[in-house]
$ cat model.tsv   # TSV, C-alpha atoms
chain	number	residue	atom	x	y	z
Z	11	MET	CA	162.88	-40.27	135.41
Z	12	GLY	CA	161.36	-37.39	137.35
Z	13	THR	CA	159.25	-34.72	135.76
Z	14	ARG	CA	160.44	-31.14	135.75
Z	15	ARG	CA	158.11	-28.74	137.48
Z	16	SER	CA	157.52	-25.49	135.66
Z	17	ARG	CA	157.06	-22.44	137.83
Z	18	ILE	CA	154.73	-19.71	136.66
Z	19	PRO	CA	156.44	-16.29	136.81
Z	20	ALA	CA	155.23	-14.06	139.65
Z	21	GLY	CA	154.30	-11.30	137.21
Z	22	VAL	CA	151.94	-13.59	135.30
Z	23	THR	CA	150.30	-14.72	138.54
Z	24	ASP	CA	149.87	-11.13	139.72
Z	25	TRP	CA	148.22	-10.06	136.50
Z	26	ALA	CA	145.95	-13.12	136.54
Z	27	ILE	CA	144.79	-12.27	140.06
Z	28	ALA	CA	144.35	-8.59	139.18
Z	29	VAL	CA	142.26	-9.34	136.08
Z	30	GLY	CA	140.24	-11.94	138.01
Z	31	VAL	CA	139.41	-9.45	140.78
Z	32	ALA	CA	138.56	-6.72	138.27
Z	33	VAL	CA	136.19	-9.04	136.39
Z	34	THR	CA	134.61	-10.20	139.65
Z	35	LEU	CA	133.94	-6.60	140.71
Z	36	LEU	CA	132.43	-5.72	137.32
Z	37	ILE	CA	130.18	-8.79	137.40
Z	38	ALA	CA	129.11	-7.94	140.97
Z	39	ALA	CA	128.24	-4.42	139.85
Z	40	ARG	CA	125.86	-5.78	137.21
Z	41	SER	CA	123.92	-7.72	139.83
Z	42	ILE	CA	123.06	-4.74	142.04
Z	43	GLU	CA	119.84	-2.77	141.83
Z	44	HIS	CA	121.38	0.46	140.49
Z	45	PRO	CA	123.72	0.26	137.46
Z	46	ALA	CA	127.29	1.33	138.10
Z	47	GLY	CA	127.63	3.68	135.16
Z	48	VAL	CA	130.79	4.44	133.19
Z	49	LEU	CA	132.72	6.10	136.02
Z	50	GLY	CA	131.74	3.41	138.50
Z	51	ASN	CA	132.88	0.66	136.12
Z	52	VAL	CA	136.18	2.47	135.56
Z	53	LEU	CA	136.81	2.71	139.30
Z	54	LEU	CA	135.95	-0.97	139.77
Z	55	ALA	CA	138.31	-2.00	136.95
Z	56	VAL	CA	141.16	0.23	138.16
Z	57	SER	CA	140.70	-1.08	141.69
Z	58	GLY	CA	141.20	-4.66	140.53
Z	59	LEU	CA	143.94	-4.07	137.94
Z	60	ALA	CA	146.05	-2.08	140.43
Z	61	LEU	CA	146.72	-5.37	142.23
Z	62	ALA	CA	149.11	-6.35	139.44
Z	63	VAL	CA	151.84	-4.22	141.05
Z	64	ARG	CA	151.05	-4.99	144.69
Z	65	ARG	CA	154.40	-6.76	145.24
Z	66	ARG	CA	156.47	-3.82	143.99
Z	67	GLN	CA	154.30	-0.97	145.29
Z	68	PRO	CA	152.16	-2.30	148.17
Z	69	ILE	CA	151.51	1.11	149.78
Z	70	ALA	CA	150.57	2.76	146.48
Z	71	VAL	CA	148.19	-0.10	145.68
Z	72	LEU	CA	146.69	0.18	149.16
Z	73	VAL	CA	145.95	3.88	148.58
Z	74	VAL	CA	144.60	3.38	145.03
Z	75	THR	CA	142.27	0.52	145.94
Z	76	GLY	CA	141.02	2.41	149.00
Z	77	LEU	CA	140.27	5.58	147.01
Z	78	CYS	CA	138.57	3.57	144.26
Z	79	ALA	CA	136.38	1.81	146.84
Z	80	LEU	CA	135.38	5.14	148.37
Z	81	GLY	CA	134.74	6.50	144.88
Z	82	TYR	CA	132.39	3.81	143.63
Z	83	GLN	CA	130.60	3.65	147.01
Z	84	ALA	CA	130.07	7.42	146.78
Z	85	LEU	CA	128.53	6.82	143.32
Z	86	GLY	CA	126.06	4.39	144.84
Z	87	VAL	CA	127.76	1.21	143.60
Z	88	ASP	CA	127.25	-1.11	146.55
Z	89	VAL	CA	130.04	-3.63	145.81
Z	90	ALA	CA	132.35	-5.14	148.41
Z	91	ALA	CA	135.88	-3.69	148.55
Z	92	ILE	CA	137.54	-6.94	147.54
Z	93	ALA	CA	140.57	-5.27	145.92
Z	94	PHE	CA	141.26	-3.30	149.11
Z	95	LEU	CA	141.35	-6.55	151.10
Z	96	PHE	CA	143.94	-7.96	148.68
Z	97	ALA	CA	145.93	-4.74	149.10
Z	98	VAL	CA	145.78	-5.04	152.91
Z	99	TYR	CA	147.12	-8.58	152.66
Z	100	ALA	CA	149.96	-7.53	150.34
Z	101	ALA	CA	150.97	-4.52	152.46
Z	102	VAL	CA	151.09	-6.53	155.69
Z	103	ARG	CA	153.05	-9.29	153.94
Z	104	ALA	CA	155.57	-6.64	152.84
Z	105	GLY	CA	155.99	-5.54	156.47
Z	106	HIS	CA	153.98	-2.28	156.39
Z	107	ARG	CA	151.76	-3.13	159.33
Z	108	LEU	CA	151.37	0.33	160.88
Z	109	VAL	CA	150.55	2.01	157.56
Z	110	THR	CA	148.03	-0.73	156.79
Z	111	ILE	CA	146.28	-0.34	160.15
Z	112	VAL	CA	146.00	3.43	159.63
Z	113	ALA	CA	144.61	2.92	156.11
Z	114	ALA	CA	142.09	0.33	157.32
Z	115	VAL	CA	140.85	2.60	160.13
Z	116	LEU	CA	140.48	5.52	157.71
Z	117	MET	CA	138.49	3.30	155.34
Z	118	LEU	CA	136.16	2.16	158.12
Z	119	VAL	CA	135.57	5.79	159.15
Z	120	THR	CA	135.20	7.35	155.70
Z	121	LEU	CA	133.21	4.61	153.99
Z	122	PRO	CA	129.88	5.52	155.72
Z	123	ILE	CA	130.52	9.16	154.84
Z	124	ALA	CA	130.96	8.19	151.17
Z	125	VAL	CA	127.64	6.32	151.30
Z	126	LEU	CA	125.88	9.32	152.84
Z	127	LEU	CA	127.19	11.62	150.09
Z	128	THR	CA	125.14	9.81	147.47
Z	129	ALA	CA	122.03	9.48	149.64
Z	130	PRO	CA	121.70	12.45	152.00
Z	131	ASP	CA	118.24	11.27	153.04
Z	132	LEU	CA	119.59	7.86	154.07
Z	133	ARG	CA	119.65	7.23	157.79
Z	134	VAL	CA	123.03	6.96	159.45
Z	135	SER	CA	122.27	3.45	160.69
Z	136	ASP	CA	121.50	2.34	157.13
Z	137	ALA	CA	124.72	3.98	155.86
Z	138	LEU	CA	126.71	2.13	158.52
Z	139	ALA	CA	125.04	-1.14	157.59
Z	140	GLN	CA	125.83	-0.60	153.89
Z	141	SER	CA	129.47	0.24	154.64
Z	142	ARG	CA	129.77	-2.85	156.83
Z	143	GLY	CA	128.49	-4.88	153.92
Z	144	ALA	CA	131.17	-3.38	151.69
Z	145	LEU	CA	133.99	-3.78	154.19
Z	146	GLU	CA	133.63	-5.93	157.30
Z	147	ILE	CA	136.10	-5.55	160.16
Z	148	ALA	CA	136.40	-9.34	160.24
Z	149	TRP	CA	137.50	-9.34	156.58
Z	150	LEU	CA	140.17	-6.77	157.32
Z	151	ILE	CA	141.47	-8.74	160.29
Z	152	ALA	CA	141.53	-11.96	158.26
Z	153	ALA	CA	143.40	-10.32	155.36
Z	154	GLY	CA	145.92	-8.74	157.69
Z	155	ALA	CA	146.40	-11.96	159.66
Z	156	ALA	CA	146.99	-13.94	156.46
Z	157	GLY	CA	149.59	-11.43	155.28
Z	158	GLU	CA	151.38	-11.43	158.66
Z	159	ALA	CA	151.39	-15.24	158.85
Z	160	LEU	CA	152.97	-15.54	155.41
Z	161	ARG	CA	155.47	-12.78	156.19
Z	162	GLN	CA	156.62	-14.59	159.32
Z	163	ALA	CA	156.82	-17.91	157.47
Z	164	GLU	CA	159.01	-16.33	154.77
Z	165	ALA	CA	161.19	-14.68	157.43
Z	166	ARG	CA	161.68	-18.04	159.17
Z	167	ALA	CA	162.58	-19.66	155.85
Z	168	ASP	CA	165.12	-16.91	155.10
Z	169	GLU	CA	166.62	-17.27	158.57
Z	170	ALA	CA	166.88	-21.03	158.16
Z	171	GLU	CA	168.60	-20.59	154.78
Z	172	ARG	CA	171.01	-18.04	156.24
Z	173	THR	CA	171.81	-20.37	159.14
Z	174	ARG	CA	172.52	-23.22	156.72
Z	175	GLU	CA	174.83	-20.98	154.67
Z	176	GLU	CA	176.69	-19.85	157.80
Z	177	ALA	CA	177.10	-23.45	158.95
Z	178	ALA	CA	178.43	-24.46	155.53
Z	179	LEU	CA	180.83	-21.51	155.59
Z	180	ARG	CA	182.09	-22.50	159.03
Z	181	ARG	CA	182.67	-26.07	157.85
Z	182	ALA	CA	184.51	-24.80	154.78
Z	183	ASN	CA	186.69	-22.49	156.88
Z	184	SER	CA	187.47	-25.31	159.28
Z	185	GLU	CA	188.45	-27.60	156.42
Z	186	ARG	CA	190.53	-24.85	154.82
Z	187	LEU	CA	192.38	-24.32	158.09
Z	188	HIS	CA	192.99	-28.06	158.41
Z	189	ILE	CA	194.43	-28.22	154.89
Z	190	ALA	CA	196.58	-25.15	155.56
Z	191	ARG	CA	198.01	-26.77	158.69
Z	192	GLU	CA	198.76	-30.00	156.85
Z	193	LEU	CA	200.46	-28.14	154.02
Z	194	HIS	CA	202.36	-25.99	156.49
Z	195	ASP	CA	203.70	-29.00	158.40
Z	196	SER	CA	204.65	-30.88	155.23
Z	197	LEU	CA	206.08	-28.06	153.14
Z	198	THR	CA	207.86	-26.33	156.00
Z	199	HIS	CA	209.76	-29.53	156.78
Z	200	GLN	CA	210.88	-29.99	153.18
Z	201	ILE	CA	211.76	-26.34	152.73
Z	202	SER	CA	213.65	-26.31	156.00
Z	203	VAL	CA	215.76	-29.25	154.84
Z	204	VAL	CA	216.61	-27.45	151.60
Z	205	THR	CA	217.37	-24.20	153.43
Z	206	VAL	CA	219.58	-25.89	156.01
Z	207	GLN	CA	221.56	-27.70	153.33
Z	208	ALA	CA	221.99	-24.51	151.32
Z	209	THR	CA	223.04	-22.61	154.46
Z	210	VAL	CA	225.62	-25.27	155.33
Z	211	ALA	CA	226.99	-25.22	151.79
Z	212	VAL	CA	227.28	-21.42	151.85
Z	213	HIS	CA	228.94	-21.52	155.26
Z	214	LEU	CA	231.49	-24.17	154.21
Z	215	ALA	CA	232.30	-22.34	150.99
Z	216	ARG	CA	232.95	-19.10	152.86
Z	217	LYS	CA	234.98	-20.90	155.53
Z	218	ARG	CA	237.21	-22.37	152.83
Z	219	GLY	CA	237.52	-19.02	151.10
Z	220	GLU	CA	235.81	-20.31	147.98
Z	221	PRO	CA	233.44	-18.14	145.91
Z	222	VAL	CA	229.80	-18.75	146.80
Z	223	PRO	CA	227.61	-19.36	143.73
Z	224	ASP	CA	224.79	-16.82	143.37
Z	225	ALA	CA	222.31	-19.63	142.75
Z	226	LEU	CA	223.17	-21.19	146.12
Z	227	VAL	CA	222.65	-17.87	147.93
Z	228	ALA	CA	219.34	-17.43	146.10
Z	229	ILE	CA	218.20	-20.92	147.20
Z	230	GLU	CA	219.05	-20.11	150.80
Z	231	GLN	CA	217.17	-16.78	150.73
Z	232	ALA	CA	214.17	-18.18	148.84
Z	233	GLY	CA	213.90	-21.07	151.33
Z	234	ARG	CA	213.85	-18.73	154.29
Z	235	GLU	CA	211.30	-16.46	152.62
Z	236	ALA	CA	209.08	-19.42	151.72
Z	237	ALA	CA	209.16	-20.67	155.31
Z	238	ARG	CA	208.26	-17.18	156.59
Z	239	GLU	CA	205.33	-16.94	154.16
Z	240	LEU	CA	204.00	-20.33	155.15
Z	241	ARG	CA	204.11	-19.36	158.81
Z	242	ALA	CA	202.50	-16.00	158.08
Z	243	THR	CA	199.73	-17.68	156.07
Z	244	LEU	CA	198.89	-20.09	158.86
Z	245	GLU	CA	198.97	-17.29	161.44
Z	246	ALA	CA	196.64	-15.21	159.25
Z	247	LEU	CA	194.18	-18.10	159.08
Z	248	ARG	CA	194.35	-18.64	162.82
Z	249	ASP	CA	194.03	-14.95	163.68
Z	250	ASP	CA	191.22	-14.21	161.18
Z	251	GLY	CA	193.34	-12.01	158.94
Z	252	LYS	CA	194.88	-9.82	161.67
Z	253	VAL	CA	198.44	-10.51	160.51
Z	254	THR	CA	199.83	-7.98	158.03
Z	255	ALA	CA	200.26	-9.54	154.59
Z	256	HIS	CA	202.89	-8.80	151.98
Z	257	GLY	CA	202.33	-5.72	149.85
Z	258	LEU	CA	204.04	-3.37	147.42
Z	259	ASP	CA	206.50	-2.33	150.13
Z	260	GLN	CA	208.16	-5.73	149.71
Z	261	VAL	CA	208.39	-5.60	145.89
Z	262	PRO	CA	211.97	-4.15	145.97
Z	263	GLU	CA	213.00	-7.25	147.93
Z	264	LEU	CA	211.47	-9.47	145.24
Z	265	VAL	CA	213.42	-7.65	142.54
Z	266	GLU	CA	216.65	-7.81	144.53
Z	267	ARG	CA	216.16	-11.52	145.12
Z	268	ALA	CA	215.62	-12.03	141.40
Z	269	ARG	CA	218.96	-10.35	140.74
Z	270	THR	CA	220.75	-12.90	142.94
Z	271	THR	CA	219.70	-15.60	140.44
Z	272	GLY	CA	221.58	-13.80	137.65
Z	273	LEU	CA	218.52	-12.05	136.20
Z	274	ALA	CA	218.99	-8.38	135.35
Z	275	ALA	CA	215.78	-7.19	137.04
Z	276	THR	CA	214.72	-3.54	137.31
Z	277	LEU	CA	211.92	-1.78	139.18
Z	278	THR	CA	210.23	1.42	138.02
Z	279	VAL	CA	207.55	3.25	140.01
Z	280	GLU	CA	205.40	5.78	138.15
Z	281	GLY	CA	203.08	8.28	139.79
Z	282	GLN	CA	202.78	9.24	143.43
Z	283	PRO	CA	202.72	6.22	145.76
Z	284	ARG	CA	199.70	6.24	148.05
Z	285	SER	CA	197.92	4.07	150.56
Z	286	LEU	CA	196.03	1.20	148.90
Z	287	PRO	CA	193.27	-1.14	150.04
Z	288	VAL	CA	194.72	-4.28	151.62
Z	289	ALA	CA	193.31	-6.57	148.91
Z	290	VAL	CA	194.82	-4.47	146.11
Z	291	ASP	CA	198.19	-4.20	147.88
Z	292	ARG	CA	198.35	-7.95	148.47
Z	293	THR	CA	197.24	-8.83	144.94
Z	294	ALA	CA	199.80	-6.49	143.35
Z	295	TYR	CA	202.58	-8.13	145.38
Z	296	ARG	CA	201.42	-11.62	144.34
Z	297	ILE	CA	201.32	-10.65	140.65
Z	298	VAL	CA	204.92	-9.40	140.75
Z	299	GLN	CA	206.03	-12.40	142.81
Z	300	GLU	CA	204.41	-14.95	140.51
Z	301	SER	CA	205.63	-13.18	137.36
Z	302	LEU	CA	209.25	-13.09	138.52
Z	303	THR	CA	209.01	-16.71	139.67
Z	304	ASN	CA	207.78	-17.75	136.21
Z	305	VAL	CA	210.61	-15.78	134.60
Z	306	ALA	CA	213.18	-17.58	136.72
Z	307	ARG	CA	211.66	-21.02	136.19
Z	308	HIS	CA	210.46	-21.09	132.61
Z	309	ALA	CA	211.42	-18.07	130.56
Z	310	GLY	CA	215.17	-18.51	130.11
Z	311	ALA	CA	215.35	-14.71	130.21
Z	312	ALA	CA	218.34	-12.45	130.81
Z	313	THR	CA	216.40	-9.32	131.79
Z	314	ALA	CA	213.09	-8.51	133.44
Z	315	SER	CA	211.44	-5.18	134.18
Z	316	VAL	CA	208.79	-4.44	136.78
Z	317	ARG	CA	206.66	-1.30	136.47
Z	318	ILE	CA	204.24	-0.10	139.14
Z	319	GLY	CA	201.99	2.76	138.04
Z	320	TYR	CA	199.77	4.76	140.42
Z	321	ARG	CA	196.94	6.08	138.24
Z	322	PRO	CA	193.75	7.95	139.15
Z	323	GLY	CA	191.42	5.30	140.53
Z	324	ALA	CA	193.64	2.38	139.53
Z	325	LEU	CA	196.96	0.63	140.08
Z	326	ALA	CA	198.84	-0.69	137.04
Z	327	ILE	CA	201.39	-3.52	137.20
Z	328	GLN	CA	203.53	-4.64	134.26
Z	329	VAL	CA	206.24	-7.29	134.25
Z	330	ASP	CA	208.18	-7.90	130.99
Z	331	ASP	CA	211.00	-10.31	130.19
Z	332	ASP	CA	213.12	-11.13	127.15
Z	333	GLY	CA	212.72	-14.89	127.44
Z	334	LYS	CA	212.05	-17.52	124.82
Z	335	ALA	CA	208.23	-17.15	124.66
Z	336	MET	CA	206.98	-16.31	121.17
Z	337	PRO	CA	203.51	-15.35	119.87
Z	338	SER	CA	203.58	-18.32	117.51
Z	339	ALA	CA	203.99	-20.76	120.42
Z	340	PRO	CA	202.36	-19.32	123.54
Z	341	PRO	CA	203.05	-21.26	126.74
Z	342	THR	CA	200.32	-23.26	128.42
Z	343	PRO	CA	198.85	-21.26	131.34
Z	344	GLY	CA	199.75	-22.84	134.67
Z	345	VAL	CA	198.33	-22.65	138.14
Z	346	GLY	CA	200.21	-19.40	138.80
Z	347	LEU	CA	198.58	-17.53	135.92
Z	348	LEU	CA	195.17	-18.93	136.79
Z	349	GLY	CA	195.62	-17.77	140.38
Z	350	MET	CA	196.56	-14.28	139.18
Z	351	ARG	CA	193.46	-14.09	136.99
Z	352	GLU	CA	191.22	-15.15	139.87
Z	353	ARG	CA	192.72	-12.53	142.19
Z	354	VAL	CA	192.40	-9.76	139.60
Z	355	SER	CA	188.85	-10.76	138.62
Z	356	ALA	CA	187.78	-10.81	142.27
Z	357	LEU	CA	188.76	-7.13	142.50
Z	358	GLY	CA	187.02	-6.21	139.23
Z	359	GLY	CA	190.32	-5.60	137.43
Z	360	ARG	CA	191.84	-6.67	134.11
Z	361	LEU	CA	194.78	-8.98	133.40
Z	362	ARG	CA	196.71	-9.61	130.17
Z	363	ALA	CA	199.38	-12.32	130.15
Z	364	GLU	CA	200.82	-13.30	126.77
Z	365	PRO	CA	204.01	-13.47	124.68
Z	366	ARG	CA	205.35	-10.17	123.35
Z	367	GLY	CA	205.70	-9.51	119.65
Z	368	GLU	CA	209.43	-8.92	119.96
Z	369	GLY	CA	209.90	-12.04	122.08
Z	370	GLY	CA	209.55	-12.74	125.74
Z	371	PHE	CA	206.49	-12.55	127.94
Z	372	THR	CA	204.44	-9.73	129.44
Z	373	VAL	CA	202.02	-9.60	132.34
Z	374	GLU	CA	199.86	-6.49	132.59
Z	375	ALA	CA	197.27	-5.95	135.31
Z	376	GLU	CA	195.06	-3.02	136.20
Z	377	LEU	CA	193.39	-3.05	139.61
Z	378	PRO	CA	190.64	-0.57	140.49
Z	379	VAL	CA	191.35	1.26	143.72
Z	380	ASP	CA	188.20	3.29	144.43
Z	381	HIS	CA	185.86	0.27	144.69
Z	382	ALA	CA	188.27	-2.30	146.08
Z	383	THR	CA	187.84	-3.61	149.61
$ encode --input "model.tsv" --output "structure tokens"
Amino acid sequence: MGTRRSRIPAGVTDWAIAVGVAVTLLIAARSIEHPAGVLGNVLLAVSGLALAVRRRQPIAVLVVTGLCALGYQALGVDVAAIAFLFAVYAAVRAGHRLVTIVAAVLMLVTLPIAVLLTAPDLRVSDALAQSRGALEIAWLIAAGAAGEALRQAEARADEAERTREEAALRRANSERLHIARELHDSLTHQISVVTVQATVAVHLARKRGEPVPDALVAIEQAGREAARELRATLEALRDDGKVTAHGLDQVPELVERARTTGLAATLTVEGQPRSLPVAVDRTAYRIVQESLTNVARHAGAATASVRIGYRPGALAIQVDDDGKAMPSAPPTPGVGLLGMRERVSALGGRLRAEPRGEGGFTVEAELPVDHAT
């Protein structure tokens, strides 16, 4: 059995480094010839502790550590600007190279001035030497180079991860297209056989002057519609979604087709119809289609009502029937209901599908319009 590796949270690591740097600066201050004093110790501590937020606020930390270094150098505390080097590294790693270069140049220029403020009688050469001891150009270059190297390594890792995800997505799309083609070839053949037989039966009945059963006409129409949808689905996959999908404009056809099966279906539209996002339009059509299909297959209903409501910021769909479903014995959700829930959830909407108290089944969905894509 392998051992599980525990990762230390980044916040804990940041605080540990910040406290360690602060303690190091305070200890270094005790070893110099002139004591730091209260204000000097405060600036040293703040300089180190500011590193705790260097990931979230790299520029702010760069400014704070730089000002603290200038402050305690101006007070005569000759301690290296270690915290500022950490801040340079963090800022370059975050991608703020130009700002970091400007800050580093300003520090190199102003640090000798800060030293001269505390010792006006000090020679300029000695002030420059002291400032170089506090902040060497080589240290700055090393800190910046380390930050840039890590930034580039992280960028390469992110790019590699993105490339892997894109390759996996391409493979998944290719496999999905292959499955769609296989289903299209298989189902279209079977549906075509059913449609042809129904068409022949309707034709012979009319030729003989016999009444054509409504169920036979419905089978013929449903077969043709199913074949059209299969072709449209495959074309949409091939053309990357450029083919227009079914939407609410085709809902009256669904209701009319339901009537041909002997179901007393009605359609009511509430509110002012308006243009909808493609995903919402397609999902609304599928909800009505699946609901009416379930009514015809399982409900044993005599009537069904479809309501489409255009509300502010939302589209409401409700399909009710007077079938045999009862609250005491709810039907087992099938693939159709699960598919509806997935579509509605993907759009951030709500779906309720359950038996009605007075008998029958209801499907209610609310799809947000403002945030749908």
$ residues_near_point --input "model.tsv" --point "(225.4, -19.7, 142.9)" --cutoff "12 Å" --atoms "only C-alpha atoms" --output "JSON, numbers by chain"
{"Z": [208, 211, 212, 215, 220, 221, 222, 223, 224, 225, 226, 227, 228, 229, 230, 231, 269, 270, 271, 272]}
$ residues_around --input "model.tsv" --residues "stretch 58-66 of chain Z" --least-positions-apart "3" --cutoff "6 Å" --atoms "only C-alpha atoms" --output "mmCIF file with C-alpha atoms, keeping the file's coordinate frame"
data_model
loop_
_atom_site.group_PDB
_atom_site.id
_atom_site.type_symbol
_atom_site.label_atom_id
_atom_site.label_comp_id
_atom_site.auth_asym_id
_atom_site.auth_seq_id
_atom_site.Cartn_x
_atom_site.Cartn_y
_atom_site.Cartn_z
ATOM 1 C CA ASP Z 24 149.870 -11.130 139.720
ATOM 2 C CA TRP Z 25 148.220 -10.060 136.500
ATOM 3 C CA ALA Z 28 144.350 -8.590 139.180
ATOM 4 C CA VAL Z 29 142.260 -9.340 136.080
ATOM 5 C CA VAL Z 31 139.410 -9.450 140.780
ATOM 6 C CA ALA Z 32 138.560 -6.720 138.270
ATOM 7 C CA ALA Z 55 138.310 -2.000 136.950
ATOM 8 C CA VAL Z 71 148.190 -0.100 145.680
ATOM 9 C CA ALA Z 93 140.570 -5.270 145.920
#
$ residues_around --input "model.tsv" --residues "Z:Leu273" --least-positions-apart "4" --cutoff "12 Å" --atoms "all atoms listed in the file" --output "PyMOL selection string"
chain Z and resi 224-225+228+264-269+302-303+305-307+309-315+331-333
$ residues_around --input "model.tsv" --residues "Z:Glu376" --least-positions-apart "2" --cutoff "6 Å" --atoms "all atoms listed in the file" --output "ChimeraX atom specification"
/Z:325-326,359-360
$ closest_residue --input "model.tsv" --among "Z:Gly219, Z:Pro337, Z:Ala97, Z:Leu277" --to "Z:Glu263" --atoms "all atoms listed in the file"
Z:Leu277
$ residues_near_point --input "model.tsv" --point "(145.0, 3.6, 150.5)" --cutoff "10 Å" --atoms "only C-alpha atoms" --output "ChimeraX atom specification"
/Z:68-80,94,97-98,109-110,112-114,116-117
$ closest_residue --input "model.tsv" --among "Z:Gly257, Z:Pro262, Z:Gly233, Z:Pro365" --to "Z:Tyr295" --atoms "all atoms listed in the file"
Z:Gly257
$ residues_around --input "model.tsv" --residues "Z:Ala159" --least-positions-apart "5" --cutoff "12 Å" --atoms "all atoms listed in the file" --output "CSV table (one decimal) with C-alpha atoms, in the coordinates of the input"
chain,number,residue,atom,x,y,z
Z,99,TYR,CA,147.1,-8.6,152.7
Z,100,ALA,CA,150.0,-7.5,150.3
Z,102,VAL,CA,151.1,-6.5,155.7
Z,103,ARG,CA,153.0,-9.3,153.9
Z,104,ALA,CA,155.6,-6.6,152.8
Z,105,GLY,CA,156.0,-5.5,156.5
Z,151,ILE,CA,141.5,-8.7,160.3
Z,152,ALA,CA,141.5,-12.0,158.3
Z,153,ALA,CA,143.4,-10.3,155.4
Z,154,GLY,CA,145.9,-8.7,157.7
Z,164,GLU,CA,159.0,-16.3,154.8
Z,165,ALA,CA,161.2,-14.7,157.4
Z,166,ARG,CA,161.7,-18.0,159.2
$ atom_distance --input "model.tsv" --atom1 "atom CA of Z:Tyr320" --atom2 "atom CA of Z:Glu280"
6.2 Å
$ atom_distance --input "model.tsv" --atom1 "atom CA of Z:Leu361" --atom2 "atom CA of Z:Ile189"
28.8 Å
$ residues_around --input "model.tsv" --residues "Z:Leu145" --least-positions-apart "4" --cutoff "8 Å" --atoms "all atoms listed in the file" --output "PyMOL selection string"
chain Z and resi 90-91+118+141+149-150
$ closest_residue --input "model.tsv" --among "Z:Met350, Z:Leu54, Z:Ile111, Z:Leu121" --to "Z:Ala155" --atoms "all atoms listed in the file"
Z:Ile111
$ atom_distance --input "model.tsv" --atom1 "atom CA of Z:Glu300" --atom2 "atom CA of Z:Val373"
10.1 Å
$ closest_residue --input "model.tsv" --among "Z:Ala236, Z:Val115, Z:Ala84, Z:Leu53" --to "Z:Leu127" --atoms "all atoms listed in the file"
Z:Ala84
